[in-house]
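Coordinates as given in final.txt (compact mmCIF, C-alpha atoms):
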# COMPACT_ATOMS: atom_id res chain seq x y z
CA MET A 1 77.44 -51.87 -53.02
CA ALA A 2 74.00 -53.08 -51.92
CA SER A 3 70.95 -51.73 -53.76
CA ILE A 4 68.12 -49.99 -51.91
CA THR A 5 65.90 -53.03 -52.58
CA GLU A 6 68.40 -55.32 -50.87
CA ILE A 7 68.73 -52.96 -47.89
CA VAL A 8 64.94 -52.76 -47.48
CA LYS A 9 64.62 -56.54 -47.65
CA LYS A 10 67.36 -56.95 -45.08
CA LEU A 11 65.74 -54.48 -42.66
CA ASN A 12 62.27 -55.96 -43.12
CA LYS A 13 63.69 -59.42 -42.42
CA GLU A 14 65.63 -58.21 -39.39
CA TYR A 15 62.53 -56.64 -37.82
CA LYS A 16 60.25 -59.47 -38.96
CA THR A 17 57.84 -57.36 -40.97
CA ASP A 18 56.99 -56.72 -44.61
CA ASN A 19 55.90 -53.14 -43.95
CA LEU A 20 58.82 -51.52 -42.12
CA ILE A 21 59.83 -49.57 -45.22
CA ILE A 22 57.43 -49.12 -48.11
CA LYS A 23 56.96 -46.63 -50.92
CA SER A 24 55.20 -43.47 -49.78
CA SER A 25 53.09 -43.42 -52.95
CA ILE A 26 51.11 -46.38 -51.64
CA LEU A 27 48.45 -44.82 -49.43
CA PRO A 28 45.26 -46.90 -49.28
CA LYS A 29 42.15 -45.99 -47.30
CA TYR A 30 41.15 -47.10 -43.84
CA GLU A 31 38.37 -49.59 -43.43
CA ARG A 32 35.75 -48.09 -41.14
CA LEU A 33 33.16 -49.55 -38.79
CA ALA A 34 29.73 -48.10 -39.54
CA THR A 35 27.16 -48.32 -36.73
CA SER A 36 24.15 -47.50 -38.99
CA ALA A 37 23.56 -44.53 -36.64
CA LEU A 38 24.29 -41.64 -39.00
CA GLY A 39 24.51 -39.20 -36.09
CA MET A 40 27.66 -41.06 -35.04
CA ASP A 41 29.03 -42.19 -38.40
CA TYR A 42 28.76 -38.79 -40.10
CA PRO A 43 31.13 -36.80 -37.81
CA LEU A 44 33.53 -39.77 -37.83
CA PHE A 45 33.58 -39.78 -41.66
CA GLY A 46 32.04 -43.23 -41.89
CA GLY A 47 32.78 -44.71 -38.46
CA LEU A 48 35.68 -45.71 -36.24
CA PRO A 49 38.77 -46.90 -38.13
CA LEU A 50 39.58 -50.58 -37.80
CA GLY A 51 43.01 -51.45 -36.46
CA ARG A 52 43.20 -48.50 -34.08
CA ILE A 53 42.95 -47.34 -30.46
CA CYS A 54 40.00 -45.07 -29.66
CA VAL A 55 39.26 -43.17 -26.44
CA TYR A 56 35.79 -42.29 -25.16
CA SER A 57 35.85 -39.76 -22.32
CA GLY A 58 33.31 -37.66 -20.46
CA LEU A 59 31.51 -37.02 -17.21
CA GLN A 60 29.56 -39.70 -15.38
CA HIS A 61 26.25 -40.66 -17.00
CA SER A 62 27.24 -39.04 -20.29
CA GLY A 63 26.81 -42.27 -22.27
CA LYS A 64 30.38 -43.43 -22.85
CA THR A 65 29.58 -47.09 -22.13
CA THR A 66 26.38 -47.10 -24.16
CA ALA A 67 28.12 -45.57 -27.18
CA ALA A 68 30.98 -48.08 -26.88
CA CYS A 69 28.42 -50.89 -26.82
CA ALA A 70 26.85 -49.49 -30.02
CA GLU A 71 30.25 -49.91 -31.67
CA LEU A 72 30.61 -53.39 -30.18
CA ALA A 73 27.25 -54.47 -31.64
CA ALA A 74 28.26 -53.02 -35.03
CA TYR A 75 31.53 -54.97 -34.87
CA GLN A 76 29.60 -58.18 -34.12
CA ARG A 77 27.40 -57.63 -37.18
CA LYS A 78 30.40 -56.98 -39.42
CA PHE A 79 32.52 -59.84 -38.06
CA PRO A 80 30.09 -62.54 -36.85
CA ASP A 81 32.88 -65.10 -36.41
CA LYS A 82 34.82 -62.99 -33.89
CA GLN A 83 34.41 -62.90 -30.09
CA CYS A 84 34.38 -59.40 -28.61
CA VAL A 85 35.61 -58.69 -25.07
CA TYR A 86 34.28 -56.31 -22.43
CA VAL A 87 36.72 -55.71 -19.57
CA ASP A 88 34.67 -54.32 -16.68
CA ALA A 89 37.03 -52.76 -14.15
CA GLU A 90 34.20 -50.76 -12.57
CA HIS A 91 31.80 -53.72 -12.12
CA SER A 92 29.00 -51.48 -13.32
CA LEU A 93 27.97 -52.81 -16.76
CA ASP A 94 24.25 -53.55 -17.16
CA LEU A 95 24.53 -56.22 -19.84
CA LYS A 96 20.78 -56.73 -20.16
CA PHE A 97 20.18 -53.02 -20.75
CA GLN A 98 23.05 -52.66 -23.23
CA ALA A 99 21.92 -55.74 -25.16
CA ALA A 100 18.40 -54.31 -25.41
CA MET A 101 19.57 -50.83 -26.45
CA ASN A 102 22.22 -51.88 -28.99
CA GLY A 103 21.37 -55.42 -30.07
CA ILE A 104 24.48 -57.05 -28.62
CA ASP A 105 24.78 -60.80 -29.16
CA LEU A 106 25.72 -61.97 -25.65
CA ASP A 107 26.73 -65.41 -26.97
CA LYS A 108 29.58 -63.73 -28.86
CA LEU A 109 30.76 -61.54 -26.01
CA LEU A 110 33.37 -62.43 -23.40
CA TYR A 111 32.81 -60.53 -20.16
CA VAL A 112 35.85 -59.97 -17.94
CA ASN A 113 34.76 -59.12 -14.40
CA VAL A 114 38.02 -57.76 -12.96
CA PRO A 115 38.35 -59.25 -9.44
CA ALA A 116 39.40 -57.37 -6.34
CA GLY A 117 43.16 -57.47 -5.98
CA MET A 118 43.87 -57.68 -9.70
CA SER A 119 46.26 -54.87 -10.57
CA GLY A 120 46.03 -52.57 -13.56
CA GLU A 121 49.25 -54.07 -14.90
CA GLN A 122 47.69 -57.55 -14.79
CA VAL A 123 44.59 -56.29 -16.60
CA CYS A 124 46.79 -54.84 -19.35
CA ASP A 125 48.65 -58.16 -19.67
CA LEU A 126 45.30 -59.99 -19.87
CA ILE A 127 44.14 -57.76 -22.72
CA VAL A 128 47.38 -58.34 -24.64
CA GLU A 129 47.06 -62.12 -24.22
CA LEU A 130 43.45 -62.09 -25.41
CA GLN A 131 44.29 -59.97 -28.44
CA LYS A 132 46.88 -62.51 -29.55
CA SER A 133 44.06 -64.89 -30.48
CA ASP A 134 42.72 -64.65 -34.02
CA GLU A 135 39.25 -65.36 -32.62
CA ILE A 136 39.18 -62.12 -30.62
CA GLY A 137 37.81 -58.92 -32.17
CA MET A 138 36.96 -55.62 -30.51
CA ILE A 139 37.99 -55.07 -26.88
CA ILE A 140 36.49 -52.43 -24.56
CA LEU A 141 38.22 -51.41 -21.32
CA ASP A 142 35.80 -49.73 -18.90
CA SER A 143 37.31 -47.74 -17.39
CA MET A 144 40.96 -46.83 -17.09
CA PRO A 145 40.72 -44.76 -13.87
CA ALA A 146 39.25 -47.83 -12.13
CA LEU A 147 42.55 -49.69 -12.57
CA LEU A 148 44.83 -49.64 -9.55
CA PRO A 149 48.60 -50.10 -9.86
CA ALA A 150 50.24 -53.02 -8.09
CA ALA A 151 52.22 -50.58 -5.95
CA VAL A 152 48.96 -49.45 -4.35
CA LEU A 153 47.37 -52.89 -3.98
CA GLU A 154 50.44 -54.51 -2.44
CA ASN A 155 50.80 -52.00 0.40
CA ASP A 156 48.91 -51.35 3.59
CA LEU A 157 45.86 -49.10 3.22
CA THR A 158 47.27 -46.71 5.80
CA LYS A 159 50.30 -46.01 3.63
CA ASP A 160 49.92 -43.23 1.08
CA ASN A 161 51.45 -44.42 -2.21
CA GLY A 162 49.86 -41.78 -4.38
CA MET A 163 47.25 -42.64 -6.96
CA ARG A 164 47.73 -43.36 -10.67
CA GLY A 165 51.16 -42.08 -11.60
CA THR A 166 52.90 -45.43 -11.72
CA LEU A 167 50.20 -47.02 -13.89
CA ALA A 168 49.98 -44.04 -16.22
CA LYS A 169 53.65 -44.53 -17.13
CA LYS A 170 53.14 -48.23 -17.84
CA LEU A 171 50.29 -47.51 -20.24
CA TYR A 172 52.84 -46.40 -22.83
CA PRO A 173 54.41 -49.84 -23.44
CA PHE A 174 50.98 -51.51 -23.17
CA LEU A 175 49.34 -49.27 -25.77
CA ASN A 176 52.41 -49.39 -28.03
CA GLU A 177 52.17 -53.17 -28.11
CA MET A 178 48.43 -53.03 -28.67
CA GLN A 179 48.84 -50.58 -31.55
CA ALA A 180 50.84 -53.08 -33.58
CA MET A 181 48.53 -56.00 -32.76
CA LEU A 182 45.36 -54.07 -33.59
CA ALA A 183 46.77 -52.94 -36.93
CA GLU A 184 47.77 -56.50 -37.80
CA LYS A 185 44.42 -58.04 -36.85
CA ASN A 186 42.20 -55.12 -37.95
CA ASN A 187 40.56 -54.87 -34.53
CA ILE A 188 39.59 -51.91 -32.35
CA LEU A 189 40.45 -51.17 -28.72
CA ILE A 190 38.09 -48.70 -27.05
CA LEU A 191 39.44 -47.16 -23.85
CA ILE A 192 36.79 -45.54 -21.67
CA ASN A 193 38.17 -42.64 -19.66
CA GLN A 194 36.68 -39.97 -17.42
CA VAL A 195 37.24 -36.24 -17.03
CA ARG A 196 38.25 -34.26 -13.99
CA ASP A 197 37.48 -30.69 -13.01
CA ASP A 198 40.56 -28.64 -13.89
CA GLY A 199 39.24 -25.29 -12.67
CA LYS A 200 38.29 -22.37 -14.84
CA THR A 201 40.11 -20.06 -17.19
CA PHE A 202 40.50 -16.36 -16.34
CA THR A 203 37.38 -15.75 -18.46
CA GLY A 204 35.33 -18.21 -16.40
CA ILE A 205 35.23 -21.08 -18.92
CA GLN A 206 35.25 -24.52 -17.28
CA LYS A 207 38.33 -26.63 -18.02
CA TRP A 208 38.48 -30.43 -17.95
CA LYS A 209 41.36 -32.88 -17.99
CA GLU A 210 41.52 -36.62 -18.58
CA PRO A 211 43.27 -38.82 -15.98
CA MET A 212 45.72 -41.68 -16.69
CA GLY A 213 48.50 -39.59 -18.18
CA GLY A 214 49.35 -38.81 -21.76
CA ALA A 215 49.54 -42.30 -23.30
CA PRO A 216 45.81 -42.66 -24.11
CA GLN A 217 45.75 -39.20 -25.69
CA PHE A 218 48.98 -39.55 -27.65
CA LEU A 219 48.64 -43.16 -28.82
CA SER A 220 44.95 -43.15 -29.73
CA SER A 221 43.82 -42.41 -33.27
CA VAL A 222 40.36 -41.17 -32.34
CA SER A 223 39.28 -39.32 -29.19
CA VAL A 224 35.60 -38.65 -28.50
CA ARG A 225 34.37 -36.44 -25.63
CA PHE A 226 30.80 -37.03 -24.42
CA GLY A 227 28.69 -34.25 -22.96
CA THR A 228 25.57 -34.27 -20.80
CA ARG A 229 22.85 -36.59 -22.10
CA LYS A 230 19.37 -35.27 -22.82
CA PHE A 231 16.02 -37.02 -22.46
CA THR A 232 13.49 -37.37 -25.27
CA GLN A 233 9.75 -37.45 -25.78
CA GLY A 234 8.85 -38.26 -29.37
CA ASP A 235 10.36 -35.66 -31.68
CA ASN A 236 11.39 -33.46 -28.77
CA MET A 237 15.08 -34.18 -28.22
CA ASP A 238 15.33 -32.11 -25.03
CA ALA A 239 11.96 -32.71 -23.43
CA CYS A 240 12.93 -33.20 -19.80
CA GLY A 241 16.10 -31.17 -19.41
CA ALA A 242 19.52 -32.61 -18.79
CA THR A 243 18.94 -34.08 -15.33
CA ASN A 244 15.25 -34.97 -15.07
CA GLY A 245 14.28 -38.04 -17.08
CA GLU A 246 10.81 -38.45 -15.63
CA GLY A 247 8.28 -39.22 -18.35
CA ALA A 248 10.92 -39.59 -21.05
CA ASP A 249 10.64 -42.25 -23.76
CA GLY A 250 14.38 -42.29 -24.37
CA PHE A 251 17.61 -40.31 -24.30
CA ARG A 252 20.15 -38.73 -26.60
CA LEU A 253 23.92 -38.91 -26.19
CA GLN A 254 25.95 -35.97 -27.46
CA PHE A 255 29.65 -35.91 -28.27
CA LYS A 256 32.45 -33.94 -29.84
CA ILE A 257 35.36 -35.27 -31.90
CA MET A 258 38.45 -34.10 -30.03
CA LYS A 259 40.99 -35.89 -32.21
CA ASN A 260 40.92 -37.95 -35.39
CA LYS A 261 44.16 -39.01 -37.07
CA THR A 262 42.27 -40.97 -39.73
CA ALA A 263 39.95 -38.23 -41.02
CA PRO A 264 39.36 -34.48 -40.63
CA CYS A 265 37.67 -33.13 -37.49
CA ASN A 266 35.73 -30.41 -39.29
CA ARG A 267 32.32 -32.03 -38.75
CA GLY A 268 32.52 -31.19 -35.05
CA GLY A 269 30.43 -33.69 -33.17
CA GLY A 270 27.27 -35.72 -33.26
CA PHE A 271 24.63 -37.59 -31.33
CA ILE A 272 23.00 -41.00 -30.82
CA THR A 273 19.34 -41.39 -29.89
CA TYR A 274 17.84 -44.30 -27.95
CA ARG A 275 14.28 -45.24 -27.06
CA TYR A 276 13.71 -47.32 -23.95
CA ALA A 277 11.16 -49.51 -25.71
CA THR A 278 13.02 -50.17 -28.96
CA GLY A 279 16.71 -49.34 -28.43
CA LEU A 280 18.89 -47.44 -30.91
CA ASP A 281 16.70 -45.05 -32.91
CA TRP A 282 18.91 -45.03 -35.99
CA MET A 283 16.03 -43.97 -38.23
CA ASN A 284 15.43 -40.73 -36.31
CA ASP A 285 19.15 -39.87 -36.42
CA LEU A 286 19.42 -40.79 -40.10
CA LEU A 287 16.57 -38.47 -41.03
CA GLU A 288 17.83 -35.60 -38.87
CA ILE A 289 21.30 -35.76 -40.43
CA ALA A 290 20.11 -36.57 -43.96
CA ILE A 291 17.52 -33.77 -44.10
CA GLY A 292 19.78 -31.29 -42.32
CA PHE A 293 22.58 -31.78 -44.85
CA ASP A 294 20.24 -32.18 -47.85
CA PHE A 295 21.03 -35.88 -48.29
CA ILE A 296 17.24 -36.27 -48.45
CA HIS A 297 15.89 -33.51 -50.65
CA ARG A 298 12.98 -31.42 -49.41
CA VAL A 299 10.73 -30.78 -52.42
CA ASN A 300 8.31 -28.60 -50.43
CA ASN A 301 7.05 -28.34 -46.86
CA VAL A 302 5.55 -31.84 -46.84
CA THR A 303 7.26 -33.73 -49.66
CA TYR A 304 10.72 -35.33 -49.62
CA GLU A 305 12.66 -37.54 -52.01
CA LEU A 306 15.38 -40.11 -51.48
CA ILE A 307 18.44 -39.35 -53.60
CA ASN A 308 21.32 -41.60 -54.58
CA LEU A 309 24.05 -39.11 -53.71
CA GLU A 310 26.61 -40.93 -55.85
CA THR A 311 24.54 -40.65 -59.04
CA GLY A 312 22.32 -37.68 -58.22
CA GLU A 313 19.23 -39.65 -59.24
CA VAL A 314 16.04 -40.24 -57.23
CA TYR A 315 15.74 -43.80 -55.94
CA GLN A 316 12.87 -45.85 -57.32
CA ASP A 317 10.77 -48.57 -55.72
CA GLU A 318 10.27 -52.07 -57.13
CA ASN A 319 7.52 -50.74 -59.42
CA GLY A 320 9.70 -48.04 -60.94
CA ASN A 321 8.10 -45.18 -59.04
CA ASP A 322 10.26 -42.41 -57.61
CA LEU A 323 10.69 -42.62 -53.83
CA ARG A 324 9.04 -39.31 -53.14
CA GLY A 325 6.39 -38.42 -50.58
CA LYS A 326 5.71 -37.49 -46.98
CA LYS A 327 8.45 -38.08 -44.43
CA ALA A 328 6.39 -40.74 -42.64
CA ASP A 329 5.91 -42.64 -45.91
CA LEU A 330 9.64 -42.65 -46.63
CA ILE A 331 10.40 -43.81 -43.07
CA GLU A 332 7.96 -46.69 -43.47
CA TYR A 333 9.49 -47.68 -46.81
CA ILE A 334 13.04 -47.71 -45.46
CA LYS A 335 12.01 -49.68 -42.36
CA THR A 336 10.01 -52.34 -44.18
CA ASN A 337 12.19 -52.86 -47.26
CA ILE A 338 15.30 -54.43 -45.78
CA LYS A 339 17.11 -54.90 -49.09
CA PHE A 340 16.72 -51.20 -49.93
CA GLN A 341 17.58 -50.25 -46.35
CA VAL A 342 20.93 -52.05 -46.57
CA GLU A 343 21.67 -50.51 -49.99
CA TYR A 344 20.70 -47.00 -48.86
CA LEU A 345 22.74 -47.10 -45.65
CA ALA A 346 25.76 -48.46 -47.54
CA MET A 347 25.46 -45.61 -50.07
CA LEU A 348 25.24 -43.00 -47.30
CA ASN A 349 28.30 -44.39 -45.54
CA ARG A 350 30.31 -44.44 -48.76
CA TYR A 351 29.29 -40.85 -49.41
CA ILE A 352 30.15 -39.50 -45.95
CA SER A 353 33.38 -41.49 -45.54
CA ALA A 354 36.79 -39.88 -45.78
CA ASN A 355 37.96 -40.52 -49.34
CA ASP A 356 41.34 -38.83 -49.18
CA ALA A 357 43.96 -41.53 -49.69
CA SER A 358 46.31 -39.74 -47.29
CA TYR A 359 44.21 -41.17 -44.44
CA GLY A 360 45.06 -44.72 -45.52
CA SER A 361 46.47 -47.59 -43.50
CA LEU A 362 49.92 -48.81 -44.47
CA LEU A 363 48.91 -52.34 -43.46
CA ASP A 364 46.05 -52.53 -45.93
CA GLU A 365 46.01 -55.74 -48.01
CA ARG A 366 45.87 -53.77 -51.23
CA ALA A 367 49.00 -51.89 -50.18
CA ALA A 368 50.81 -55.15 -49.48
CA ALA A 369 49.85 -56.48 -52.91
CA GLU A 370 51.11 -53.31 -54.61
CA ILE A 371 54.34 -53.48 -52.62
CA ASP A 372 54.93 -57.06 -53.75
CA ALA A 373 54.20 -56.14 -57.37
CA GLN A 374 56.58 -53.17 -57.29
CA GLU A 375 59.36 -55.16 -55.65
CA ALA A 376 58.93 -57.95 -58.21
CA ALA A 377 59.23 -55.42 -61.01
CA VAL A 378 62.39 -53.94 -59.46
CA GLU A 379 63.94 -57.38 -59.04
CA GLN A 380 63.18 -58.30 -62.65
CA THR A 381 64.76 -55.05 -63.87
CA GLU A 382 67.90 -55.55 -61.74
CA SER A 383 68.32 -59.13 -62.97
CA PHE A 384 68.98 -57.96 -66.52
Rendering of file as structure tokens:
Amino acid sequence: MASITEIVKKLNKEYKTDNLIIKSSILPKYERLATSALGMDYPLFGGLPLGRICVYSGLQHSGKTTAACAELAAYQRKFPDKQCVYVDAEHSLDLKFQAAMNGIDLDKLLYVNVPAGMSGEQVCDLIVELQKSDEIGMIILDSMPALLPAAVLENDLTKDNGMRGTLAKKLYPFLNEMQAMLAEKNNILILINQVRDDGKTFTGIQKWKEPMGGAPQFLSSVSVRFGTRKFTQGDNMDACGATNGEGADGFRLQFKIMKNKTAPCNRGGGFITYRYATGLDWMNDLLEIAIGFDFIHRVNNVTYELINLETGEVYQDENGNDLRGKKADLIEYIKTNIKFQVEYLAMLNRYISANDASYGSLLDERAAAEIDAQEAAVEQTESF
């Protein structure tokens, strides 16, 4: 009679994987992509999980593309040797603006300008082929509703072939294949979707639905819904109302976490602030989150202190003085002391990240090493 170890080895070999069957006690953590914008990283428990599909949805002009580009820039900083890909099915990406707002390195970005006549199925095949390369990192598809199925493109315009039903069904095999590839290569696929008016409930509450069928919702690990953007003037985060940006110095994107299979959803949602002159205002968002949740301690009405949340001690400067003072002084210190800035942001992201091992990835390298060690121990025991 074959032992369980032999059966597992046989099945893993048959399906060409080392992780088909593993011990459930091995549950490592996800690696997360921090953007340095605490207003986005905090509700996501440290950032988007690597190796997963994520969906950004919302109304037009709600900031889906800009937020996705913030993640893309963060991915470029974390993996400088990888080429990211932006698949523009809407032909509406303002690369110059996004590079200025988010610090995208255009030399490390492949831009796919989907031509007229290219079907949604062909675009999906293109993404799969690109992801097969070890040189490719994050891929953004903007946006799914802009993809037309071949059945529509290949027929006369006067013939009514319906709209997206045929393509929605084919997204299941496409996203299933991408799931496995992303997990193996530790990359992220961001799908940008829209929302449609789905009427109102009997109590008058507006309902929204996302097009393109159930595959993006079911097969994604993280789903983020963006609301109406607001315009800023200095410290006023809603200076010009939701629709009038005249005189604004920037804008704020707002979102809600609709689904997160890699961390809890109990932090609700968040925001990202941009200034037209300087781009991502990560310092403003950091202070708003850090002070609001007492990550930066308020000593009195004018004095604050920077705390190492992992030790509970007040940070000190290079002269051994406690980092305590007016908010403006602390901002200036964080901005001008890059070494401390990196250390402080890393500490914050470790502190806010999901630390429950049950949110771990079964393809983590540490898991694989522990699997090998356990199997070796079993084999040695059975050989006696």
Neighbouring residues of Leu219 of chain A were defined as those with any atom within 9 Å, considering all atoms listed in the file; residues of the same chain fewer than 3 positions away were excluded. Please report them as a tab-separated table (two decimals) with C-alpha atoms, in the coordinates of the input.
chain	number	residue	atom	x	y	z
A	53	ILE	CA	42.95	-47.34	-30.46
A	54	CYS	CA	40.00	-45.07	-29.66
A	172	TYR	CA	52.84	-46.40	-22.83
A	175	LEU	CA	49.34	-49.27	-25.77
A	176	ASN	CA	52.41	-49.39	-28.03
A	179	GLN	CA	48.84	-50.58	-31.55
A	214	GLY	CA	49.35	-38.81	-21.76
A	215	ALA	CA	49.54	-42.30	-23.30
A	216	PRO	CA	45.81	-42.66	-24.11
Problem set entry | Which of A:Val8, A:Ala68, A:Leu141, A:Leu106 sits closest to Asp88 of chain A [using all atoms listed in the file] | A:Leu141
Sorted per-residue table, segment 14-127 of chain A near segment 227-235 of chain A, closest atoms and distance, 10 Å, only C-alpha atoms, as a tab-separated table:
residue	atom	partner	partner_atom	distance
A:Ser57	CA	A:Gly227	CA	9.1
A:Gly58	CA	A:Gly227	CA	6.3
A:Leu59	CA	A:Gly227	CA	7.0
A:Gln60	CA	A:Thr228	CA	8.6
A:His61	CA	A:Arg229	CA	7.4
A:Ser62	CA	A:Thr228	CA	5.1
A:Gly63	CA	A:Arg229	CA	6.9
A:Lys64	CA	A:Gly227	CA	9.3
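The shortest atom-to-atom distance to Glu90 of chain A, with all atoms listed in the file taken into account, belongs to A:Leu148 out of A:Ala328, A:Leu148, A:Val314, A:Ile289.
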Restrict the calculation to all atoms listed in the file, then for each residue of segment 204-307 of chain A with any atom at most 7 Å from an atom of segment 181-195 of chain A give the closest atom pair and their distance in Å to one decimal, rows by chain and rising residue number, as CSV.
residue,atom,partner,partner_atom,distance
A:Trp208,CA,A:Val195,CA,6.0
A:Lys209,CA,A:Val195,CA,5.4
A:Glu210,CA,A:Val195,CA,4.6
A:Pro211,CA,A:Val195,CA,6.6
Exercise. Counting only C-alpha atoms, which of A:Val55, A:Ala74, A:Arg324, A:Gln254 gets nearest to Phe218 of chain A?
Worked result: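 Smallest separation from Phe218 of chain A among the options: A:Val55.
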Exercise. What does the distance between atom CA of Phe97 of chain A and atom CA of Gly117 of chain A come to in Å, to one decimal place?
Worked result: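 Separating atom CA of Phe97 of chain A from atom CA of Gly117 of chain A is a distance of 27.7 Å.
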Exercise. Between A:Leu345, A:Met178, A:Ala37, A:Ala151, which has the minimum distance to Glu288 of chain A (counting all atoms listed in the file)?
Worked result: A:Ala37
For this session: Choose the residue, out of A:Phe251, A:Tyr315, A:Tyr86, A:Phe45, that has the smallest atom-to-atom separation from Tyr274 of chain A; count only C-alpha atoms.
Result: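 Answer, going by the shortest atom-to-atom distance: A:Phe251.
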Non-local contacts of Cys124 of chain A (9 Å; only C-alpha atoms; under 3 positions in same chain excluded) as a short mmCIF file (atom, residue, chain, number, x, y, z; two decimals) with C-alpha atoms, in the frame of the given file:
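Ended up saving to part-v3.cif:
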data_model
loop_
_atom_site.label_atom_id
_atom_site.label_comp_id
_atom_site.auth_asym_id
_atom_site.auth_seq_id
_atom_site.Cartn_x
_atom_site.Cartn_y
_atom_site.Cartn_z
CA SER A 119 46.26 -54.87 -10.57
CA GLY A 120 46.03 -52.57 -13.56
CA GLU A 121 49.25 -54.07 -14.90
CA ILE A 127 44.14 -57.76 -22.72
CA VAL A 128 47.38 -58.34 -24.64
CA GLU A 129 47.06 -62.12 -24.22
CA LEU A 171 50.29 -47.51 -20.24
CA PHE A 174 50.98 -51.51 -23.17
CA LEU A 175 49.34 -49.27 -25.77
#
Exercise. Which residue out of A:Ser36, A:Asn102, A:Thr17, A:Thr273 has the minimum interatomic distance to Gln341 of chain A when all atoms listed in the file are used?
Worked result: A:Ser36
For this session: List the residues sitting within 9 Å of (5.3, -34.0, -53.6) in the file's frame, using only C-alpha atoms, as a list in words.
Result: Val299, Asn300, Asn301, Val302, Thr303, Tyr304, Glu305, Arg324, Gly325 and Lys326 of chain A
Edge lengths and centre in Å to one decimal, as AutoDock Vina command-line options, of the axis-aligned box that encloses all listed atoms of segment 193-205 of chain A with 5 Å added on every side?
--center_x 37.9 --center_y -29.2 --center_z -16.2 --size_x 15.3 --size_y 36.9 --size_z 17.0
Seminar exercise, completed: Students should find that atom CA of Ile140 of chain A and atom CA of Asp281 of chain A are spaced 22.7 Å
For this session: Could you give me, as a list in words, the residues that sit within 9 Å of (41.8, -62.5, -34.1) in the file's coordinates, counting only C-alpha atoms?
Result: Lys82, Gln83, Leu130, Gln131, Lys132, Ser133, Asp134, Glu135, Ile136, Gly137, Lys185, Asn186 and Asn187 of chain A
Okay, now the selection with C-alpha atoms, as a CSV table (one decimal), in the frame of the given file?
chain,number,residue,atom,x,y,z
A,82,LYS,CA,34.8,-63.0,-33.9
A,83,GLN,CA,34.4,-62.9,-30.1
A,130,LEU,CA,43.4,-62.1,-25.4
A,131,GLN,CA,44.3,-60.0,-28.4
A,132,LYS,CA,46.9,-62.5,-29.6
A,133,SER,CA,44.1,-64.9,-30.5
A,134,ASP,CA,42.7,-64.6,-34.0
A,135,GLU,CA,39.2,-65.4,-32.6
A,136,ILE,CA,39.2,-62.1,-30.6
A,137,GLY,CA,37.8,-58.9,-32.2
A,185,LYS,CA,44.4,-58.0,-36.8
A,186,ASN,CA,42.2,-55.1,-38.0
A,187,ASN,CA,40.6,-54.9,-34.5
For this session: Find the distance between atom CA of Tyr30 of chain A and atom CA of Pro49 of chain A and write it in Å to one decimal.
Result: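 One can read the atom CA of Tyr30 of chain A to atom CA of Pro49 of chain A distance as 6.2 Å.
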